[in-house]
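Q: Quick one, input.cif (mmCIF, C-alpha atoms; chains and numbers go by the auth columns):
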data_data
loop_
_atom_site.group_PDB
_atom_site.id
_atom_site.type_symbol
_atom_site.label_atom_id
_atom_site.label_comp_id
_atom_site.label_asym_id
_atom_site.label_seq_id
_atom_site.Cartn_x
_atom_site.Cartn_y
_atom_site.Cartn_z
_atom_site.B_iso_or_equiv
_atom_site.auth_seq_id
_atom_site.auth_asym_id
ATOM 1 C CA MET A 1 40.831 68.891 -72.780 0.00 115 N
ATOM 2 C CA SER A 2 38.130 67.379 -70.632 0.00 116 N
ATOM 3 C CA ILE A 3 38.490 63.908 -69.192 0.00 117 N
ATOM 4 C CA GLU A 4 35.782 61.457 -68.309 0.00 118 N
ATOM 5 C CA PRO A 5 35.059 61.511 -64.560 0.00 119 N
ATOM 6 C CA LEU A 6 35.075 57.711 -64.220 0.00 120 N
ATOM 7 C CA LYS A 7 38.462 57.413 -65.931 0.00 121 N
ATOM 8 C CA ALA A 8 39.868 60.191 -63.771 0.00 122 N
ATOM 9 C CA GLN A 9 38.522 58.528 -60.614 0.00 123 N
ATOM 10 C CA PHE A 10 40.026 55.208 -61.667 0.00 124 N
ATOM 11 C CA CYS A 11 43.426 56.872 -62.161 0.00 125 N
ATOM 12 C CA ALA A 12 43.074 58.720 -58.833 0.00 126 N
ATOM 13 C CA ASP A 13 42.292 55.446 -57.049 0.00 127 N
ATOM 14 C CA ILE A 14 45.318 53.708 -58.546 0.00 128 N
ATOM 15 C CA VAL A 15 47.764 56.504 -57.769 0.00 129 N
ATOM 16 C CA THR A 16 46.270 56.949 -54.280 0.00 130 N
ATOM 17 C CA THR A 17 46.954 53.290 -53.548 0.00 131 N
ATOM 18 C CA ALA A 18 50.597 53.728 -54.559 0.00 132 N
ATOM 19 C CA VAL A 19 50.914 56.986 -52.603 0.00 133 N
ATOM 20 C CA VAL A 20 49.400 55.479 -49.445 0.00 134 N
ATOM 21 C CA SER A 21 51.702 52.479 -49.648 0.00 135 N
ATOM 22 C CA GLN A 22 54.820 54.604 -50.089 0.00 136 N
ATOM 23 C CA TYR A 23 53.754 57.172 -47.479 0.00 137 N
ATOM 24 C CA ALA A 24 53.004 54.416 -44.949 0.00 138 N
ATOM 25 C CA LYS A 25 56.386 52.804 -45.526 0.00 139 N
ATOM 26 C CA GLU A 26 58.305 56.106 -45.298 0.00 140 N
ATOM 27 C CA ASN A 27 56.546 57.149 -42.098 0.00 141 N
ATOM 28 C CA ARG A 28 56.298 53.711 -40.492 0.00 142 N
ATOM 29 C CA LEU A 29 52.512 53.802 -40.436 0.00 143 N
ATOM 30 C CA SER A 30 49.859 51.266 -41.194 0.00 144 N
ATOM 31 C CA PRO A 31 48.225 51.794 -44.578 0.00 145 N
ATOM 32 C CA THR A 32 44.983 52.679 -42.789 0.00 146 N
ATOM 33 C CA ASP A 33 46.672 55.386 -40.719 0.00 147 N
ATOM 34 C CA ALA A 34 48.501 56.718 -43.780 0.00 148 N
ATOM 35 C CA LEU A 35 45.232 56.909 -45.703 0.00 149 N
ATOM 36 C CA ARG A 36 43.537 58.788 -42.846 0.00 150 N
ATOM 37 C CA ILE A 37 46.337 61.353 -42.802 0.00 151 N
ATOM 38 C CA ILE A 38 46.429 61.740 -46.569 0.00 152 N
ATOM 39 C CA MET A 39 42.660 62.139 -46.878 0.00 153 N
ATOM 40 C CA GLU A 40 42.832 65.245 -44.681 0.00 154 N
ATOM 41 C CA THR A 41 45.219 67.093 -47.011 0.00 155 N
ATOM 42 C CA LYS A 42 44.733 69.655 -49.733 0.00 156 N
ATOM 43 C CA THR A 43 46.858 67.411 -51.929 0.00 157 N
ATOM 44 C CA TYR A 44 44.300 64.608 -51.639 0.00 158 N
ATOM 45 C CA GLU A 45 41.493 67.053 -52.350 0.00 159 N
ATOM 46 C CA LEU A 46 43.301 68.133 -55.506 0.00 160 N
ATOM 47 C CA LEU A 47 43.965 64.512 -56.438 0.00 161 N
ATOM 48 C CA GLN A 48 40.214 63.849 -56.347 0.00 162 N
ATOM 49 C CA ASP A 49 39.473 66.788 -58.673 0.00 163 N
ATOM 50 C CA PRO A 50 39.547 65.495 -62.275 0.00 164 N
ATOM 51 C CA GLU A 51 40.160 68.975 -63.632 0.00 165 N
ATOM 52 C CA SER A 52 43.454 69.244 -61.728 0.00 166 N
ATOM 53 C CA ARG A 53 44.799 66.244 -63.669 0.00 167 N
ATOM 54 C CA LEU A 54 46.956 65.430 -60.630 0.00 168 N
ATOM 55 C CA CYS A 55 45.750 61.840 -60.904 0.00 169 N
ATOM 56 C CA PHE A 56 47.997 61.471 -63.958 0.00 170 N
ATOM 57 C CA GLU A 57 51.166 62.421 -62.055 0.00 171 N
ATOM 58 C CA SER A 58 53.528 59.883 -60.542 0.00 172 N
ATOM 59 C CA ALA A 59 53.169 58.689 -56.976 0.00 173 N
ATOM 60 C CA GLU A 60 56.598 60.205 -56.253 0.00 174 N
ATOM 61 C CA SER A 61 55.535 63.680 -57.332 0.00 175 N
ATOM 62 C CA ILE A 62 52.374 63.431 -55.230 0.00 176 N
ATOM 63 C CA ILE A 63 54.447 62.304 -52.236 0.00 177 N
ATOM 64 C CA ASP A 64 56.616 65.399 -52.806 0.00 178 N
ATOM 65 C CA LEU A 65 53.457 67.521 -52.693 0.00 179 N
ATOM 66 C CA LEU A 66 52.401 65.857 -49.444 0.00 180 N
ATOM 67 C CA ARG A 67 55.816 66.571 -47.942 0.00 181 N
ATOM 68 C CA SER A 68 55.602 70.224 -49.002 0.00 182 N
ATOM 69 C CA GLU A 69 52.120 70.507 -47.549 0.00 183 N
ATOM 70 C CA LYS A 70 53.129 68.903 -44.252 0.00 184 N
ATOM 71 C CA GLN A 71 56.045 71.372 -44.024 0.00 185 N
ATOM 72 C CA CYS A 72 53.713 74.262 -44.960 0.00 186 N
ATOM 73 C CA ASP A 73 55.926 75.007 -47.941 0.00 187 N
ATOM 74 C CA TRP A 74 53.079 76.494 -49.968 0.00 188 N
ATOM 75 C CA ASP A 75 55.400 78.035 -52.582 0.00 189 N
ATOM 76 C CA GLU A 76 56.637 74.591 -53.553 0.00 190 N
ATOM 77 C CA TRP A 77 53.178 73.048 -53.229 0.00 191 N
ATOM 78 C CA SER A 78 51.547 75.667 -55.445 0.00 192 N
ATOM 79 C CA LYS A 79 53.818 74.836 -58.373 0.00 193 N
ATOM 80 C CA VAL A 80 51.322 72.129 -59.306 0.00 194 N
#
Translate the structure of the given file into structure tokens.
A:
Amino acid sequence: MSIEPLKAQFCADIVTTAVVSQYAKENRLSPTDALRIIMETKTYELLQDPESRLCFESAESIIDLLRSEKQCDWDEWSKV
């Protein structure tokens, strides 16, 4: 099932905002610093890809992916 790119981007933007907020709080970072870190990840790249449908997952599950990526736990990360 294909999704409209604008709707997917809207969802990605909303979930990214929640992820950045939670990630910043957990790691005692400013939201700007958290966003910079997140934007350099494969998780963020996947989040921006409408075909991955990651934008429809919860912020908590995306945070879990970020944690796995930061720990280089690619087995856990690849379960997406």
Q: Evaluate the PyMOL selection byres ((chain N and resi 174) around 12) against this structure - the residues, as number ranges by chain, please.
A: N: 129-130, 132-137, 140, 168-173, 175-181
Q: The PyMOL selection byres ((chain N and resi 126) around 9) - which residues does that actually catch in the file I just gave you? List them as a PyMOL selection string.
A: chain N and resi 121-125+127-131+161-164+168-170
Q: In Å, rounded to a single decimal, give me how far atom CA of N:Glu190 is from atom CA of N:Thr157.
A: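 It comes out at 12.2 Å.
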Q: Which value, in Å to one decimal, gives the distance between atom CA of N:Pro145 and atom CA of N:Glu183?
A: 19.3 Å
